[in-house]
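So this block is protein18.cif, mmCIF, C-alpha atoms:
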```
data_query
#
loop_
_atom_site.label_atom_id
_atom_site.label_comp_id
_atom_site.auth_asym_id
_atom_site.auth_seq_id
_atom_site.Cartn_x
_atom_site.Cartn_y
_atom_site.Cartn_z
CA ALA A 582 14.27 5.94 -7.50
CA GLN A 583 13.42 2.99 -5.34
CA THR A 584 11.85 0.02 -7.07
CA VAL A 585 10.29 -3.16 -5.77
CA THR A 586 10.12 -6.21 -8.01
CA GLN A 587 7.98 -9.28 -7.58
CA SER A 588 8.86 -11.70 -10.36
CA GLN A 589 6.14 -14.26 -9.67
CA PRO A 590 2.75 -13.01 -10.90
CA GLU A 591 1.07 -16.21 -9.74
CA MET A 592 1.90 -19.00 -7.33
CA SER A 593 -0.01 -22.00 -6.08
CA VAL A 594 0.42 -24.26 -3.07
CA GLN A 595 -1.29 -27.31 -1.71
CA GLU A 596 -3.09 -26.82 1.56
CA ALA A 597 -0.79 -27.53 4.54
CA GLU A 598 2.33 -27.15 2.37
CA THR A 599 4.92 -24.37 2.37
CA VAL A 600 5.32 -21.68 -0.28
CA THR A 601 7.86 -18.89 -0.74
CA LEU A 602 7.10 -15.61 -2.48
CA SER A 603 10.00 -13.61 -3.86
CA CYS A 604 10.72 -9.90 -3.71
CA THR A 605 13.74 -7.82 -4.63
CA TYR A 606 14.22 -4.11 -4.23
CA ASP A 607 16.60 -1.40 -5.24
CA THR A 608 17.78 1.33 -2.91
CA SER A 609 20.85 3.33 -2.03
CA GLU A 610 19.69 3.77 1.55
CA SER A 611 21.23 1.81 4.40
CA ASP A 612 18.30 2.08 6.78
CA TYR A 613 14.78 1.28 5.67
CA TYR A 614 11.77 -0.92 6.28
CA LEU A 615 10.25 -3.75 4.30
CA PHE A 616 6.72 -5.08 4.47
CA TRP A 617 4.52 -7.82 3.10
CA TYR A 618 0.86 -7.01 2.64
CA LYS A 619 -2.02 -9.36 1.88
CA GLN A 620 -5.03 -8.32 -0.18
CA PRO A 621 -7.84 -10.91 -0.30
CA PRO A 622 -10.27 -10.63 -3.22
CA SER A 623 -12.42 -7.51 -2.90
CA ARG A 624 -11.10 -6.85 0.59
CA GLN A 625 -8.74 -4.37 2.11
CA MET A 626 -5.01 -4.68 2.27
CA ILE A 627 -3.62 -5.83 5.59
CA LEU A 628 -0.10 -6.06 6.94
CA VAL A 629 1.35 -9.55 7.16
CA ILE A 630 4.86 -8.93 8.40
CA ARG A 631 7.51 -6.20 8.60
CA GLN A 632 11.29 -6.12 8.75
CA GLU A 633 13.64 -3.38 9.86
CA ALA A 634 16.76 -3.29 7.70
CA TYR A 635 19.05 -2.72 10.68
CA LYS A 636 17.94 -6.01 12.22
CA GLN A 637 19.82 -9.07 11.07
CA GLN A 638 17.26 -11.44 12.54
CA ASN A 639 14.50 -12.42 10.16
CA ALA A 640 10.99 -11.45 11.24
CA THR A 641 8.45 -14.14 12.09
CA GLU A 642 4.71 -13.92 12.67
CA ASN A 643 3.15 -17.29 13.39
CA ARG A 644 3.12 -19.20 10.06
CA PHE A 645 4.70 -16.29 8.19
CA SER A 646 8.42 -15.65 8.10
CA VAL A 647 10.81 -13.73 5.91
CA ASN A 648 14.25 -14.36 4.49
CA PHE A 649 15.91 -10.94 4.46
CA GLN A 650 19.17 -10.77 2.54
CA LYS A 651 20.31 -7.16 2.78
CA ALA A 652 23.36 -7.43 0.56
CA ALA A 653 21.34 -9.12 -2.16
CA LYS A 654 18.41 -6.74 -1.59
CA SER A 655 16.09 -9.68 -1.35
CA PHE A 656 13.07 -10.07 0.91
CA SER A 657 11.10 -13.30 0.46
CA LEU A 658 8.01 -14.40 2.36
CA LYS A 659 7.56 -17.99 3.49
CA ILE A 660 4.11 -19.24 4.37
CA SER A 661 4.12 -22.50 6.29
CA ASP A 662 1.17 -24.87 6.71
CA SER A 663 -0.77 -23.00 4.04
CA GLN A 664 -4.47 -22.53 4.67
CA LEU A 665 -7.34 -21.77 2.33
CA GLY A 666 -7.62 -18.33 3.90
CA ASP A 667 -4.11 -17.49 2.74
CA ALA A 668 -5.35 -17.21 -0.84
CA ALA A 669 -4.86 -13.57 -1.83
CA MET A 670 -2.65 -11.09 -3.63
CA TYR A 671 0.57 -10.48 -1.75
CA PHE A 672 2.46 -7.23 -2.13
CA CYS A 673 5.99 -6.48 -1.08
CA ALA A 674 6.62 -2.88 -0.01
CA TYR A 675 9.58 -0.68 0.89
CA ARG A 676 9.90 2.54 2.84
CA ARG A 677 12.98 4.44 3.87
CA VAL A 678 13.33 5.99 7.30
CA PHE A 679 10.93 8.90 7.69
CA ARG A 680 12.50 12.29 7.06
CA ALA A 681 11.16 15.79 6.98
CA ASN A 682 8.86 16.67 4.14
CA THR A 683 9.59 14.48 1.12
CA GLY A 684 10.56 10.97 0.22
CA ASN A 685 8.30 9.30 2.72
CA GLN A 686 6.24 7.29 0.32
CA PHE A 687 5.90 3.53 0.33
CA TYR A 688 6.88 1.66 -2.84
CA PHE A 689 4.96 -1.47 -3.77
CA GLY A 690 5.66 -4.36 -6.08
CA THR A 691 3.18 -5.58 -8.67
CA GLY A 692 2.01 -8.43 -6.49
CA THR A 693 1.87 -12.22 -6.48
CA SER A 694 -1.47 -13.96 -6.67
CA LEU A 695 -1.43 -16.98 -4.36
CA THR A 696 -3.84 -19.86 -4.90
CA VAL A 697 -4.25 -22.48 -2.20
CA ILE A 698 -5.34 -25.87 -3.51
CA PRO A 699 -7.47 -27.97 -1.14
CA ASP B 195 -10.59 -2.99 11.41
CA THR B 196 -7.67 -0.80 10.36
CA GLY B 197 -9.22 2.43 11.63
CA VAL B 198 -9.51 4.01 8.17
CA SER B 199 -12.93 4.64 6.67
CA GLN B 200 -13.44 5.55 3.02
CA ASP B 201 -16.55 6.81 1.29
CA PRO B 202 -18.08 6.04 -1.13
CA ARG B 203 -17.01 2.45 -1.62
CA HIS B 204 -17.98 2.50 -5.26
CA LYS B 205 -18.65 5.38 -7.60
CA ILE B 206 -19.85 5.09 -11.19
CA THR B 207 -19.71 8.27 -13.21
CA LYS B 208 -19.77 9.48 -16.75
CA ARG B 209 -16.70 10.84 -18.42
CA GLY B 210 -16.28 14.54 -17.77
CA GLN B 211 -18.00 14.55 -14.38
CA ASN B 212 -16.30 15.47 -11.12
CA VAL B 213 -16.01 13.03 -8.24
CA THR B 214 -14.86 13.37 -4.64
CA PHE B 215 -13.67 10.68 -2.27
CA ARG B 216 -13.41 11.04 1.47
CA CYS B 217 -11.07 9.34 3.91
CA ASP B 218 -11.48 9.31 7.69
CA PRO B 219 -8.66 8.01 9.82
CA ILE B 220 -10.81 7.11 12.81
CA SER B 221 -8.12 8.01 15.27
CA GLU B 222 -6.18 11.04 14.21
CA HIS B 223 -2.68 10.44 13.03
CA ASN B 224 -0.32 12.86 11.44
CA ARG B 225 0.49 10.97 8.22
CA LEU B 226 -2.14 10.17 5.63
CA TYR B 227 -1.54 8.76 2.15
CA TRP B 228 -3.54 8.36 -1.04
CA TYR B 229 -2.70 5.56 -3.45
CA ARG B 230 -4.24 4.39 -6.72
CA GLN B 231 -4.49 0.73 -7.65
CA THR B 232 -5.50 -0.55 -11.07
CA LEU B 233 -6.52 -4.14 -11.72
CA GLY B 234 -3.68 -6.57 -11.25
CA GLN B 235 -1.22 -3.90 -10.16
CA GLY B 236 0.29 -2.76 -6.92
CA PRO B 237 -0.68 0.52 -5.28
CA GLU B 238 0.85 3.62 -6.85
CA PHE B 239 1.61 6.66 -4.73
CA LEU B 240 -0.48 9.77 -5.36
CA THR B 241 0.06 12.13 -2.46
CA TYR B 242 0.93 12.36 1.21
CA PHE B 243 -0.09 14.64 4.09
CA GLN B 244 1.60 15.32 7.35
CA ASN B 245 -1.09 16.89 9.49
CA GLU B 246 -2.80 19.37 7.19
CA ALA B 247 0.22 19.96 4.98
CA GLN B 248 0.38 18.23 1.61
CA LEU B 249 4.10 17.48 1.50
CA GLU B 250 4.49 15.42 -1.62
CA LYS B 251 2.62 14.77 -4.85
CA SER B 252 3.28 12.14 -7.49
CA ARG B 253 3.54 12.98 -11.17
CA LEU B 254 0.45 10.77 -11.47
CA LEU B 255 -1.49 13.54 -9.77
CA SER B 256 -2.36 15.69 -12.77
CA ASP B 257 -3.93 19.11 -12.47
CA ARG B 258 -7.35 17.45 -12.59
CA PHE B 259 -6.64 15.92 -9.21
CA SER B 260 -6.70 17.81 -5.94
CA ALA B 261 -6.40 16.57 -2.39
CA GLU B 262 -7.00 18.34 0.87
CA ARG B 263 -6.78 17.58 4.53
CA PRO B 264 -8.28 20.50 6.45
CA LYS B 265 -7.48 20.55 10.16
CA GLY B 266 -5.32 17.48 9.77
CA SER B 267 -8.12 15.00 10.25
CA PHE B 268 -10.20 13.67 7.33
CA SER B 269 -9.01 14.04 3.75
CA THR B 270 -10.70 14.43 0.38
CA LEU B 271 -9.50 13.53 -3.10
CA GLU B 272 -11.29 15.23 -5.97
CA ILE B 273 -10.98 14.32 -9.61
CA GLN B 274 -12.29 16.88 -12.08
CA ARG B 275 -13.36 16.12 -15.65
CA THR B 276 -12.95 12.39 -15.16
CA GLU B 277 -11.50 10.24 -17.93
CA GLN B 278 -11.84 6.52 -18.51
CA GLY B 279 -8.21 6.12 -17.52
CA ASP B 280 -9.09 7.34 -14.05
CA SER B 281 -11.01 4.11 -13.40
CA ALA B 282 -9.22 2.49 -10.49
CA MET B 283 -9.37 1.78 -6.79
CA TYR B 284 -8.37 4.80 -4.72
CA LEU B 285 -6.82 3.76 -1.44
CA CYS B 286 -6.35 5.87 1.65
CA ALA B 287 -3.93 4.83 4.36
CA LYS B 288 -2.54 6.13 7.61
CA THR B 289 0.67 5.24 9.32
CA GLY B 290 0.50 3.32 12.56
CA GLY B 291 1.97 4.24 15.88
CA ALA B 292 4.74 1.67 15.79
CA LEU B 293 8.27 2.80 15.13
CA THR B 294 8.19 1.06 11.79
CA GLY B 295 5.29 3.24 10.68
CA GLU B 296 3.54 0.69 8.54
CA LEU B 297 0.50 1.67 6.52
CA PHE B 298 -3.04 0.85 7.58
CA PHE B 299 -5.34 0.91 4.58
CA GLY B 300 -9.01 1.66 4.21
CA GLU B 301 -11.21 -0.55 2.08
CA GLY B 302 -10.82 1.77 -0.88
CA SER B 303 -13.10 3.70 -3.18
CA ARG B 304 -13.59 2.09 -6.56
CA LEU B 305 -14.15 4.51 -9.42
CA THR B 306 -15.68 3.43 -12.70
CA VAL B 307 -15.76 6.03 -15.45
CA LEU B 308 -18.11 5.20 -18.32
#
```

In structure tokens, what does this structure look like?
Amino acid sequence: AQTVTQSQPEMSVQEAETVTLSCTYDTSESDYYLFWYKQPPSRQMILVIRQEAYKQQNATENRFSVNFQKAAKSFSLKISDSQLGDAAMYFCAYRRVFRANTGNQFYFGTGTSLTVIP
Amino acid sequence: DTGVSQDPRHKITKRGQNVTFRCDPISEHNRLYWYRQTLGQGPEFLTYFQNEAQLEKSRLLSDRFSAERPKGSFSTLEIQRTEQGDSAMYLCAKTGGALTGELFFGEGSRLTVL
């Protein structure tokens, strides 16, 4: 079964600094998708960034970028110029390529709680 | 706005009662998921629909749980004879139109079983 591991339950960063959140996953698939989701306190989960496994280039969305190491099955999230609004739980997620019927679920890690210090 | 509406947002019930949650993907999409999230944990997969067909169920979905998606639009998740261990946030999500098919979540329905 696929597993997603986030080994940092909590992280903190000074405002305007850079922080990296770690994620590793286990899969026997060669083609899949990886995601980072943000869940602010008492608010809904929103997508931060996504990465297709077949792409070697790391995804970037404004201040958010990933370091995707396929061989190591590692998918870290870097937040640059951290802002107070970045404070939230961050979840790493995995999904294989959609196929008929089964196996199309998304697997989530246990999350990293990010605190931004003013 | 992720285009997924869930109701009710919070439900408090006594142990042994039945509860039902509703999910409306505002624009119809063929894939709809239910997840459960307990405090401090990541979402755990419960079940998945493609159109009106329930294609996959987690072992977490005991026989007290039932989900439906008539006509492939809105979905309901019913929990019968609730237990305190059922207390959690129940999340509904749909897949987007992009090739990557990421999930768009609703705000969730929080269940508290006393």

>> Give me, as a ChimeraX atom specification, the residues of chain B touching chain A, with the criterion being at most 6 Å (counting only C-alpha atoms).
In response: /B:235-236,249-250,301

>> For a test of reading the model, state the distance in Å between CA of Ser593 (chain A) and CA of Pro621 (chain A), rounded to one decimal.
In response: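 So the answer is 14.8 Å.
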
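Going from CA of Ala247 (chain B) to CA of Ser303 (chain B) covers 22.5 Å.
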
>> Going by the chain IDs and residue numbers used in this file, which residues fall under the PyMOL selection byres ((chain B and resi 215-227) around 10)? Write them as a ChimeraX atom specification.
In response: /A:685-687 /B:196-205,213-214,228-229,239-248,250,261-263,266-273,284-291,295,297-300,302-305

> What does the distance between CA of Met283 (chain B) and CA of Lys619 (chain A) come to in Å, to one decimal place?
Replying inline: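 Separation between CA of Met283 (chain B) and CA of Lys619 (chain A): 15.9 Å.
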
>> For a quick check of understanding, using all atoms listed in the file, which of A:Gln637, A:Arg644, A:Gln583, A:Ser663 has the smallest distance to Thr608 (chain A)?
In response: A:Gln583

Would you give the centre and edge lengths, in Å to one decimal, of a box along x, y and z around the listed atoms of region 198-217 of chain B, with 8 Å added to each side, as JSON?
```
{"center_x": -14.7, "center_y": 9.0, "center_z": -5.1, "size_x": 26.3, "size_y": 29.0, "size_z": 42.6}
```

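Using only C-alpha atoms, the residues found no farther than 6 Å from region 657-659 of chain A, other than those of its own chain fewer than 4 positions away, are Val600, Thr601, Leu602, Ser603, Cys604, Phe645, Ser646, Val647 and Asn648 of chain A.
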
Reconstructed region 280-291 of chain B, atom set all heavy atoms, as a compact mmCIF listing (two decimals), in the frame of the given file:
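So the final result, stored in result09.txt, reads:
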```
# COMPACT_ATOMS: atom_id res chain seq x y z
N ASP B 280 -9.07 7.11 -15.49
CA ASP B 280 -9.09 7.34 -14.05
C ASP B 280 -9.75 6.17 -13.31
O ASP B 280 -9.70 6.12 -12.08
CB ASP B 280 -9.87 8.63 -13.72
CG ASP B 280 -9.22 9.87 -14.29
OD1 ASP B 280 -7.98 9.88 -14.46
OD2 ASP B 280 -9.96 10.83 -14.59
N SER B 281 -10.37 5.27 -14.03
CA SER B 281 -11.01 4.11 -13.40
C SER B 281 -9.97 3.31 -12.65
O SER B 281 -8.97 2.85 -13.22
CB SER B 281 -11.69 3.23 -14.46
OG SER B 281 -12.75 3.93 -15.07
N ALA B 282 -10.19 3.15 -11.36
CA ALA B 282 -9.22 2.49 -10.49
C ALA B 282 -9.80 2.41 -9.09
O ALA B 282 -10.87 2.95 -8.81
CB ALA B 282 -7.90 3.27 -10.45
N MET B 283 -9.05 1.75 -8.22
CA MET B 283 -9.37 1.78 -6.79
C MET B 283 -8.49 2.85 -6.16
O MET B 283 -7.27 2.86 -6.36
CB MET B 283 -9.07 0.42 -6.16
CG MET B 283 -9.32 0.38 -4.66
SD MET B 283 -11.07 0.32 -4.27
CE MET B 283 -11.34 -1.47 -4.40
N TYR B 284 -9.10 3.74 -5.40
CA TYR B 284 -8.37 4.80 -4.72
C TYR B 284 -8.29 4.43 -3.24
O TYR B 284 -9.31 4.32 -2.56
CB TYR B 284 -9.02 6.16 -4.96
CG TYR B 284 -8.83 6.58 -6.40
CD1 TYR B 284 -9.72 6.17 -7.39
CD2 TYR B 284 -7.72 7.33 -6.78
CE1 TYR B 284 -9.52 6.50 -8.72
CE2 TYR B 284 -7.51 7.66 -8.11
CZ TYR B 284 -8.40 7.23 -9.07
OH TYR B 284 -8.20 7.55 -10.39
N LEU B 285 -7.07 4.25 -2.79
CA LEU B 285 -6.82 3.76 -1.44
C LEU B 285 -6.30 4.88 -0.56
O LEU B 285 -5.42 5.64 -0.96
CB LEU B 285 -5.79 2.64 -1.46
CG LEU B 285 -6.13 1.39 -2.27
CD1 LEU B 285 -4.91 0.48 -2.37
CD2 LEU B 285 -7.29 0.65 -1.64
N CYS B 286 -6.84 4.94 0.64
CA CYS B 286 -6.35 5.87 1.65
C CYS B 286 -5.69 5.04 2.75
O CYS B 286 -6.13 3.92 3.05
CB CYS B 286 -7.50 6.68 2.22
SG CYS B 286 -7.03 7.82 3.53
N ALA B 287 -4.63 5.56 3.31
CA ALA B 287 -3.93 4.83 4.36
C ALA B 287 -3.34 5.80 5.36
O ALA B 287 -2.99 6.94 5.02
CB ALA B 287 -2.83 3.95 3.77
N LYS B 288 -3.21 5.34 6.58
CA LYS B 288 -2.54 6.13 7.61
C LYS B 288 -1.38 5.31 8.13
O LYS B 288 -1.36 4.08 8.01
CB LYS B 288 -3.50 6.47 8.75
CG LYS B 288 -3.95 5.26 9.56
CD LYS B 288 -4.83 5.67 10.73
CE LYS B 288 -5.19 4.45 11.58
NZ LYS B 288 -6.05 4.82 12.73
N THR B 289 -0.43 5.97 8.71
CA THR B 289 0.67 5.24 9.32
C THR B 289 0.30 4.92 10.77
O THR B 289 -0.40 5.67 11.43
CB THR B 289 1.98 6.03 9.29
OG1 THR B 289 1.73 7.34 9.80
CG2 THR B 289 2.53 6.10 7.90
N GLY B 290 0.80 3.75 11.21
CA GLY B 290 0.50 3.32 12.56
C GLY B 290 1.39 3.99 13.58
O GLY B 290 2.27 4.77 13.25
N GLY B 291 1.20 3.63 14.81
CA GLY B 291 1.97 4.24 15.88
C GLY B 291 3.30 3.57 16.13
O GLY B 291 4.14 4.10 16.83
```
